[in-house]
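K.L.:
This is the structure I want to talk about, given as structure tokens.
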Amino acid sequence: MTAAAPVPFVSTAARFEVSVPPPADESTRARAGVLTLPHGTVDTPQFMPVGTNATVKALSPDDVKAAGASIILANTYHLYLRPGHERIERLGGLHRFMDWDRPILTDSGGFQVVSLGDLRVVDEDGVTFRSHLDGSIHRFTPEHATAVQEALGSDVAVAFDQPVYPSSPREVVADATARTHRWAERSLAAHRRSDQAMFGIIQGGLDPALRAESTRFIAQLPFDGICIGGLAGDETPAQRDAALDVAIPLLADDPRPRYLMGLGSPADLLEAVHRGIDLFDSVLPARVARNGQLWVPGGRLNLRNKVHLDDPAAVQDDCPCLLCRRFSRAYLAHLFRARELLAYRLATCHNLTFTLDFMARIRASIRAGTFPADMALLRSRAGRVSGSEVAEASA
RNA sequence: GGGUAGGUUGAGCAGGUGGUGAGCUCCGCUGACUGUAGAUCAGCCGUCUUCGACUGUGGGGGUUCGAUUCCCUCCCUGCCCA
């Protein structure tokens, strides 16, 4: 009936146990598990808030914990440029530097190959790029990106890759994907720390054959986890789902955690969990919060809108966050108009709390064995996927 | 009372020496944001029947084919002097 009894994945730096495997009827690939890393355990499916510059923007570490985060992402590229990975290492490593004692995953910096596209040149050995801070010239190779992450001391390092936009021509995607594979092997070969896990990244764009080839290639390497990259760009939800439906079945018997990079709207998280994803990260909830919009069951509120100025209600009645416990919509609307710094903190606390609570609800549903059946309810709580889709009424 | 500088679309301005003033920045309104060069960006922001049209340069009058511009007069504001 069920797939083979799950065998925990164990390495020197990571342990992953699927405690609730997908149902035998294949109604969903969703699963629940526990990822254990040097600085603590992570219940999956789980969302990682992003702290690019060794801080989740606008929040203190206590705020991030209060929101329910058990692991965060930090960025190799940014910390290398400023304040410098060697300085962080001298100061006792990233955890001590930012006073975050739970797990940290560092992105490899590969994403900047795309996001800072004007400033880089890719060759077989690595990427030469200009600093977005001062225009100075720098170079990342798989070996260098790995060394930087070892200096930072994150729980999870990520192999240096070359993401591409899904809309790129097939030969561009094929070329970048093949290079990502060679860089994956080099990243692994360069990796020394036994107290740091390393995840590899699948690319392949939206082409099913390339995505499948990349999945097989990355999966046969001895990584501690599998990232799925290149799906947080300009593709449609249907294209993204299709890419996941190519990759995940090929990993069905793989004991390692699966991490979909860069997705963060509640609706996207739900659909991806359904397709078998264990880990996520995204800037979205924090950025959207800083720009004035708050996620609530069934949709989102734009606190800069006039309608909130006289509203004494909480943003969300049953939310335990700092904002909802103590302040009104009217107050937050005022803070945003006045551009007061507290607005950004309160809004970010809320959106991260909402996101992490949503993940907790998904986990609870999976553990209760009612997950596929709960999809409708969870979808209505997640609300719209994007601005072009109308929010469903909350149940 | 005398002198002087002004009065432009919510605010602040630019421009305009006789030849179509709706241009900018704020404020305001709405939307977007997905491995963070983002507390950011985009659209709108006089009226209407909105791919366009109309109105608008303090009020009134005059000169002129045509006035925001030149002339007269009045009102208002800042500053200086009495």
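Residue numbers start at 1 in each chain; chains themselves are named A, B, ... in the order of the structure tokens; ligands are numbered from 1 in the order shown.
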Which neighbours of Pro103 (chain A) fall inside 10 Å, counting only C-alpha atoms (C1' of nucleotides), when residues of the same chain fewer than 2 positions from it are skipped, and could you give them as a PyMOL selection string?
P.N.:
chain A and resi 36-42+48+69-73+95+100-101+105+154-156
K.L.:
Would you list the contacts of Pro142 (chain A) as number ranges by chain, taking every protein, DNA or RNA residue within 8 Å and counting only C-alpha atoms (C1' of nucleotides), but skipping same-chain residues closer than 5 positions in sequence?
P.N.:
A: 126, 159-161, 183-184, 186-187, 190
K.L.:
For a test of reading the model, state the distance in Å between C1' of U30 (chain B) and CA of Leu352 (chain A), rounded to one decimal.
P.N.:
25.0 Å
K.L.:
Which parts of region 13-121 of chain A does DSSP call helix (DSSP H, G or I) when run on the backbone here, written out as a PyMOL selection string?
P.N.:
chain A and resi 61-66+76-81+85-90+94-98+111-115+117-119
K.L.:
Select, as a ChimeraX atom specification, those residues of chain A with any atom no more than 6 Å from chain B (distances computed using only C-alpha atoms (C1' of nucleotides)).
P.N.:
/A:132,232,261-264,282,284,290
K.L.:
Give me the residues near Glu86 (chain A) as a VMD selection string, where near means some atom within 9 Å (using only C-alpha atoms (C1' of nucleotides)) and where sequence neighbours in that chain fewer than 6 positions away do not count.
P.N.:
chain A and resid 80 93 148 151 to 152
K.L.:
Filtering to C-alpha atoms, could you give me those residues as a PDB file, in the first residue's frame?
P.N.:
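Just written: selection_36.pdb:
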```pdb
ATOM      1  CA  TYR A  80      30.988  38.457   0.919  1.00  0.00           C
ATOM      2  CA  GLY A  93      30.796  33.169  12.430  1.00  0.00           C
ATOM      3  CA  VAL A 148      32.871  31.779   1.559  1.00  0.00           C
ATOM      4  CA  ALA A 151      33.714  30.886   6.492  1.00  0.00           C
ATOM      5  CA  LEU A 152      30.218  32.142   7.239  1.00  0.00           C
TER       6      LEU A 152
END
```
K.L.:
With only C-alpha atoms as the basis for distance, which of A:Ala30, A:Leu221, A:Ala157, A:Ala24 is at the shortest distance from Thr76 (chain A)?
P.N.:
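Looking only at the distances to Thr76 (chain A), the closest residue turns out to be A:Ala157.
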K.L.:
Can you pull out the residues contacting region 71-82 of chain B? Cut-off 8 Å, using only C-alpha atoms (C1' of nucleotides), and skip same-chain residues under 2 positions away; I want them as a VMD selection string.
P.N.:
chain B and resid 1 to 7 58 to 63
K.L.:
Save out the residues we just selected, N, CA and C atoms (P, O5', C5', C4', C3', O3' and C1' of nucleotides), as a PDB file, in the first residue's frame.
P.N.:
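Output (out05.pdb):
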```pdb
ATOM      1  P     G B   1      -3.587 103.586   2.937  1.00  0.00           P
ATOM      2  O5'   G B   1      -2.299 104.533   2.836  1.00  0.00           O
ATOM      3  C5'   G B   1      -2.480 105.905   2.519  1.00  0.00           C
ATOM      4  C4'   G B   1      -1.168 106.612   2.682  1.00  0.00           C
ATOM      5  C3'   G B   1      -0.058 106.109   1.769  1.00  0.00           C
ATOM      6  O3'   G B   1      -0.121 106.675   0.470  1.00  0.00           O
ATOM      7  C1'   G B   1       0.777 106.298   3.966  1.00  0.00           C
ATOM      8  P     G B   2       0.460 105.849  -0.789  1.00  0.00           P
ATOM      9  O5'   G B   2       2.021 105.897  -0.576  1.00  0.00           O
ATOM     10  C5'   G B   2       2.733 107.114  -0.768  1.00  0.00           C
ATOM     11  C4'   G B   2       4.207 106.884  -0.613  1.00  0.00           C
ATOM     12  C3'   G B   2       4.793 105.755  -1.457  1.00  0.00           C
ATOM     13  O3'   G B   2       5.042 106.136  -2.795  1.00  0.00           O
ATOM     14  C1'   G B   2       5.574 105.556   0.753  1.00  0.00           C
ATOM     15  P     G B   3       4.996 105.014  -3.941  1.00  0.00           P
ATOM     16  O5'   G B   3       6.220 104.052  -3.611  1.00  0.00           O
ATOM     17  C5'   G B   3       7.545 104.541  -3.752  1.00  0.00           C
ATOM     18  C4'   G B   3       8.534 103.548  -3.212  1.00  0.00           C
ATOM     19  C3'   G B   3       8.583 102.190  -3.910  1.00  0.00           C
ATOM     20  O3'   G B   3       9.298 102.232  -5.129  1.00  0.00           O
ATOM     21  C1'   G B   3       8.662 101.880  -1.565  1.00  0.00           C
ATOM     22  P     U B   4       8.865 101.276  -6.336  1.00  0.00           P
ATOM     23  O5'   U B   4       9.296  99.833  -5.793  1.00  0.00           O
ATOM     24  C5'   U B   4      10.667  99.562  -5.527  1.00  0.00           C
ATOM     25  C4'   U B   4      10.805  98.233  -4.831  1.00  0.00           C
ATOM     26  C3'   U B   4      10.165  97.040  -5.541  1.00  0.00           C
ATOM     27  O3'   U B   4      10.994  96.532  -6.578  1.00  0.00           O
ATOM     28  C1'   U B   4       9.575  96.995  -3.254  1.00  0.00           C
ATOM     29  P     A B   5      10.326  95.769  -7.832  1.00  0.00           P
ATOM     30  O5'   A B   5      10.047  94.319  -7.208  1.00  0.00           O
ATOM     31  C5'   A B   5      11.138  93.537  -6.733  1.00  0.00           C
ATOM     32  C4'   A B   5      10.623  92.290  -6.047  1.00  0.00           C
ATOM     33  C3'   A B   5       9.592  91.498  -6.841  1.00  0.00           C
ATOM     34  O3'   A B   5      10.205  90.651  -7.802  1.00  0.00           O
ATOM     35  C1'   A B   5       8.841  91.760  -4.616  1.00  0.00           C
ATOM     36  P     G B   6       9.359  90.047  -9.007  1.00  0.00           P
ATOM     37  O5'   G B   6       8.540  88.917  -8.240  1.00  0.00           O
ATOM     38  C5'   G B   6       7.179  88.671  -8.556  1.00  0.00           C
ATOM     39  C4'   G B   6       6.504  87.989  -7.405  1.00  0.00           C
ATOM     40  C3'   G B   6       5.110  87.452  -7.701  1.00  0.00           C
ATOM     41  O3'   G B   6       5.174  86.160  -8.287  1.00  0.00           O
ATOM     42  C1'   G B   6       5.053  88.699  -5.696  1.00  0.00           C
ATOM     43  P     G B   7       4.065  85.726  -9.331  1.00  0.00           P
ATOM     44  O5'   G B   7       2.799  85.565  -8.389  1.00  0.00           O
ATOM     45  C5'   G B   7       2.789  84.609  -7.317  1.00  0.00           C
ATOM     46  C4'   G B   7       1.403  84.537  -6.702  1.00  0.00           C
ATOM     47  C3'   G B   7       0.331  84.069  -7.667  1.00  0.00           C
ATOM     48  O3'   G B   7      -0.586  83.199  -6.998  1.00  0.00           O
ATOM     49  C1'   G B   7      -0.231  86.205  -6.796  1.00  0.00           C
ATOM     50  P     G B  58      -2.723  85.492 -12.245  1.00  0.00           P
ATOM     51  O5'   G B  58      -4.190  85.493 -11.619  1.00  0.00           O
ATOM     52  C5'   G B  58      -4.586  84.509 -10.674  1.00  0.00           C
ATOM     53  C4'   G B  58      -5.604  85.090  -9.730  1.00  0.00           C
ATOM     54  C3'   G B  58      -6.616  86.019 -10.390  1.00  0.00           C
ATOM     55  O3'   G B  58      -7.682  85.328 -10.996  1.00  0.00           O
ATOM     56  C1'   G B  58      -5.735  87.050  -8.466  1.00  0.00           C
ATOM     57  P     G B  59      -8.362  85.966 -12.280  1.00  0.00           P
ATOM     58  O5'   G B  59      -9.228  87.138 -11.643  1.00  0.00           O
ATOM     59  C5'   G B  59     -10.301  86.851 -10.770  1.00  0.00           C
ATOM     60  C4'   G B  59     -11.099  88.098 -10.490  1.00  0.00           C
ATOM     61  C3'   G B  59     -11.490  88.912 -11.716  1.00  0.00           C
ATOM     62  O3'   G B  59     -12.631  88.384 -12.374  1.00  0.00           O
ATOM     63  C1'   G B  59     -10.625  90.354 -10.077  1.00  0.00           C
ATOM     64  P     G B  60     -12.757  88.580 -13.955  1.00  0.00           P
ATOM     65  O5'   G B  60     -12.945  90.154 -14.102  1.00  0.00           O
ATOM     66  C5'   G B  60     -14.104  90.792 -13.582  1.00  0.00           C
ATOM     67  C4'   G B  60     -14.013  92.282 -13.750  1.00  0.00           C
ATOM     68  C3'   G B  60     -13.740  92.781 -15.166  1.00  0.00           C
ATOM     69  O3'   G B  60     -14.895  92.775 -15.989  1.00  0.00           O
ATOM     70  C1'   G B  60     -12.352  93.946 -13.657  1.00  0.00           C
ATOM     71  P     G B  61     -14.672  92.572 -17.553  1.00  0.00           P
ATOM     72  O5'   G B  61     -13.928  93.889 -18.033  1.00  0.00           O
ATOM     73  C5'   G B  61     -14.631  95.126 -18.072  1.00  0.00           C
ATOM     74  C4'   G B  61     -13.686  96.278 -18.303  1.00  0.00           C
ATOM     75  C3'   G B  61     -12.977  96.340 -19.660  1.00  0.00           C
ATOM     76  O3'   G B  61     -13.800  96.779 -20.715  1.00  0.00           O
ATOM     77  C1'   G B  61     -11.450  96.868 -17.942  1.00  0.00           C
ATOM     78  P     G B  62     -13.420  96.332 -22.215  1.00  0.00           P
ATOM     79  O5'   G B  62     -12.064  97.098 -22.515  1.00  0.00           O
ATOM     80  C5'   G B  62     -12.050  98.516 -22.560  1.00  0.00           C
ATOM     81  C4'   G B  62     -10.654  99.039 -22.793  1.00  0.00           C
ATOM     82  C3'   G B  62      -9.982  98.602 -24.099  1.00  0.00           C
ATOM     83  O3'   G B  62     -10.416  99.369 -25.207  1.00  0.00           O
ATOM     84  C1'   G B  62      -8.452  98.412 -22.302  1.00  0.00           C
ATOM     85  P     U B  63     -10.386  98.725 -26.653  1.00  0.00           P
ATOM     86  O5'   U B  63      -8.840  98.633 -26.989  1.00  0.00           O
ATOM     87  C5'   U B  63      -8.076  99.826 -27.177  1.00  0.00           C
ATOM     88  C4'   U B  63      -6.640  99.472 -27.471  1.00  0.00           C
ATOM     89  C3'   U B  63      -6.453  98.451 -28.598  1.00  0.00           C
ATOM     90  O3'   U B  63      -6.518  99.067 -29.876  1.00  0.00           O
ATOM     91  C1'   U B  63      -5.111  97.855 -26.760  1.00  0.00           C
TER      92        U B  63
END
```
K.L.:
Fewer than 6 positions away in the same chain doesn't count, so skip those; otherwise give me all residues within 7 Å of region 196-206 of chain A, counting only C-alpha atoms (C1' of nucleotides), as an NGL selection string.
P.N.:
:A and (13-14 or 154-159 or 161 or 163 or 166 or 173-174 or 177 or 184 or 214-215 or 218 or 223-230 or 239 or 243)
K.L.:
Would you write out those residues with C-alpha atoms, as a PDB file, in the first residue's frame?
P.N.:
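Okay, this is what ended up in selection_32.pdb:
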```
ATOM      1  CA  ALA A  13      25.790  17.517   9.203  1.00  0.00           C
ATOM      2  CA  ALA A  14      22.170  16.697   8.475  1.00  0.00           C
ATOM      3  CA  SER A 154      25.935  28.330   7.877  1.00  0.00           C
ATOM      4  CA  ASP A 155      24.213  25.025   8.670  1.00  0.00           C
ATOM      5  CA  VAL A 156      23.491  24.485   5.006  1.00  0.00           C
ATOM      6  CA  ALA A 157      25.658  25.621   2.119  1.00  0.00           C
ATOM      7  CA  VAL A 158      24.296  25.601  -1.402  1.00  0.00           C
ATOM      8  CA  ALA A 159      26.197  24.633  -4.534  1.00  0.00           C
ATOM      9  CA  ASP A 161      24.783  27.406  -9.862  1.00  0.00           C
ATOM     10  CA  PRO A 163      20.101  30.126 -12.860  1.00  0.00           C
ATOM     11  CA  PRO A 166      12.522  30.209 -17.819  1.00  0.00           C
ATOM     12  CA  VAL A 173      18.951  26.958 -20.645  1.00  0.00           C
ATOM     13  CA  ALA A 174      20.727  23.793 -21.752  1.00  0.00           C
ATOM     14  CA  THR A 177      22.079  23.708 -16.816  1.00  0.00           C
ATOM     15  CA  ALA A 184      27.741  21.105  -8.593  1.00  0.00           C
ATOM     16  CA  SER A 214      19.000  17.964 -14.336  1.00  0.00           C
ATOM     17  CA  THR A 215      17.001  16.211 -11.652  1.00  0.00           C
ATOM     18  CA  ILE A 218      21.874  16.372  -9.260  1.00  0.00           C
ATOM     19  CA  PHE A 223      24.332  16.233  -1.547  1.00  0.00           C
ATOM     20  CA  ASP A 224      22.417  16.519   1.728  1.00  0.00           C
ATOM     21  CA  GLY A 225      19.393  18.029   0.066  1.00  0.00           C
ATOM     22  CA  ILE A 226      17.975  18.887  -3.323  1.00  0.00           C
ATOM     23  CA  CYS A 227      17.122  22.444  -4.341  1.00  0.00           C
ATOM     24  CA  ILE A 228      14.847  23.155  -7.246  1.00  0.00           C
ATOM     25  CA  GLY A 229      15.884  26.419  -8.823  1.00  0.00           C
ATOM     26  CA  GLY A 230      14.829  28.667 -11.626  1.00  0.00           C
ATOM     27  CA  GLN A 239       4.434  26.012 -16.002  1.00  0.00           C
ATOM     28  CA  ALA A 243       8.238  21.510 -13.905  1.00  0.00           C
TER      29      ALA A 243
END
```
K.L.:
Env of G10 (chain B): 12 Å cut, atoms = only C-alpha atoms (C1' of nucleotides), seq-sep filter 5 positions within chain, self excluded. Answer as a ChimeraX atom specification.
P.N.:
/B:26-28,45-46
K.L.:
Check the smallest atom-to-atom distance from each of A:Val283, A:Ala272, A:Ala382, A:Leu251 to Asn75 (chain A) using only C-alpha atoms, then report the winner.
P.N.:
A:Val283
K.L.:
Could you check the closest approach to Val50 (chain A) for each of A:Asp357, A:Asp281, A:Glu17, A:Asp125 and tell me which residue wins, using only C-alpha atoms?
P.N.:
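Looking at the shortest contact to Val50 (chain A), the residue is A:Asp281.
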K.L.:
Contacts of Pro83 (chain A) at 12 Å or less, counting only C-alpha atoms (C1' of nucleotides), minus same-chain residues fewer than 3 places along, as a CSV table (one decimal) with N, CA and C atoms, in the first residue's frame?
P.N.:
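Saved file out_0.csv follows:
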```
chain,number,residue,atom,x,y,z
A,53,ASN,N,21.3,40.4,4.4
A,53,ASN,CA,22.4,41.1,5.0
A,53,ASN,C,22.6,40.7,6.5
A,54,ALA,N,22.4,39.4,6.8
A,54,ALA,CA,22.5,39.0,8.2
A,54,ALA,C,21.5,39.7,9.0
A,75,ASN,N,22.6,35.5,2.7
A,75,ASN,CA,23.1,35.5,1.3
A,75,ASN,C,24.6,35.7,1.2
A,76,THR,N,25.2,34.7,0.6
A,76,THR,CA,26.6,34.6,0.4
A,76,THR,C,27.2,35.8,-0.3
A,77,TYR,N,26.5,36.1,-1.4
A,77,TYR,CA,27.0,37.2,-2.3
A,77,TYR,C,27.0,38.5,-1.5
A,78,HIS,N,26.0,38.8,-0.8
A,78,HIS,CA,25.9,40.1,-0.1
A,78,HIS,C,26.9,40.2,1.1
A,79,LEU,N,27.0,39.1,1.8
A,79,LEU,CA,27.9,39.1,3.0
A,79,LEU,C,29.4,39.0,2.6
A,80,TYR,N,29.6,38.4,1.4
A,80,TYR,CA,31.0,38.5,0.9
A,80,TYR,C,31.4,39.9,0.6
A,86,GLU,N,35.4,36.9,5.6
A,86,GLU,CA,36.5,36.7,6.5
A,86,GLU,C,36.3,37.5,7.8
A,87,ARG,N,35.8,38.7,7.7
A,87,ARG,CA,35.5,39.5,8.9
A,87,ARG,C,34.5,38.7,9.8
A,88,ILE,N,33.4,38.2,9.2
A,88,ILE,CA,32.4,37.5,9.9
A,88,ILE,C,33.0,36.3,10.6
A,89,GLU,N,33.9,35.6,9.9
A,89,GLU,CA,34.6,34.4,10.5
A,89,GLU,C,35.4,34.8,11.7
A,90,ARG,N,36.2,35.9,11.6
A,90,ARG,CA,37.0,36.4,12.7
A,90,ARG,C,36.1,36.8,13.9
A,91,LEU,N,34.9,37.2,13.6
A,91,LEU,CA,34.0,37.7,14.7
A,91,LEU,C,33.2,36.5,15.2
A,94,LEU,N,28.7,33.5,11.4
A,94,LEU,CA,27.4,34.2,11.1
A,94,LEU,C,26.4,34.1,12.3
A,97,PHE,N,27.6,36.5,14.9
A,97,PHE,CA,27.6,37.8,14.4
A,97,PHE,C,26.2,38.5,14.4
A,133,LEU,N,27.5,47.5,-5.0
A,133,LEU,CA,27.8,48.6,-4.0
A,133,LEU,C,28.7,49.6,-4.5
A,152,LEU,N,31.4,31.6,6.6
A,152,LEU,CA,30.2,32.1,7.2
A,152,LEU,C,29.7,31.2,8.3
```
K.L.:
Rank B:U25, B:C48, B:C41, B:G18 by their smallest atom-to-atom distance to U64 (chain B), using only C-alpha atoms (C1' of nucleotides), and report the top residue only.
P.N.:
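Of the candidates, the smallest distance to U64 (chain B) is held by B:G18.
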K.L.:
Quick one: pick out all strand (DSSP E) residues within region 39-122 of chain A from a backbone DSSP run and write them as a list in words.
P.N.:
Gly40, Thr41, Val42, Asp43, Thr44, Gln46, Phe47, Met48, Pro49, Ile72, Leu73, Ala74, Asn75, Ile104, Leu105, Thr106, Asp107, Arg120, Val121 and Val122 of chain A
K.L.:
Report, in Å with one decimal, the straight-line distance from CA of Val114 (chain A) to CA of Glu271 (chain A).
P.N.:
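Spanning CA of Val114 (chain A) to CA of Glu271 (chain A) is a straight-line distance of 25.3 Å.
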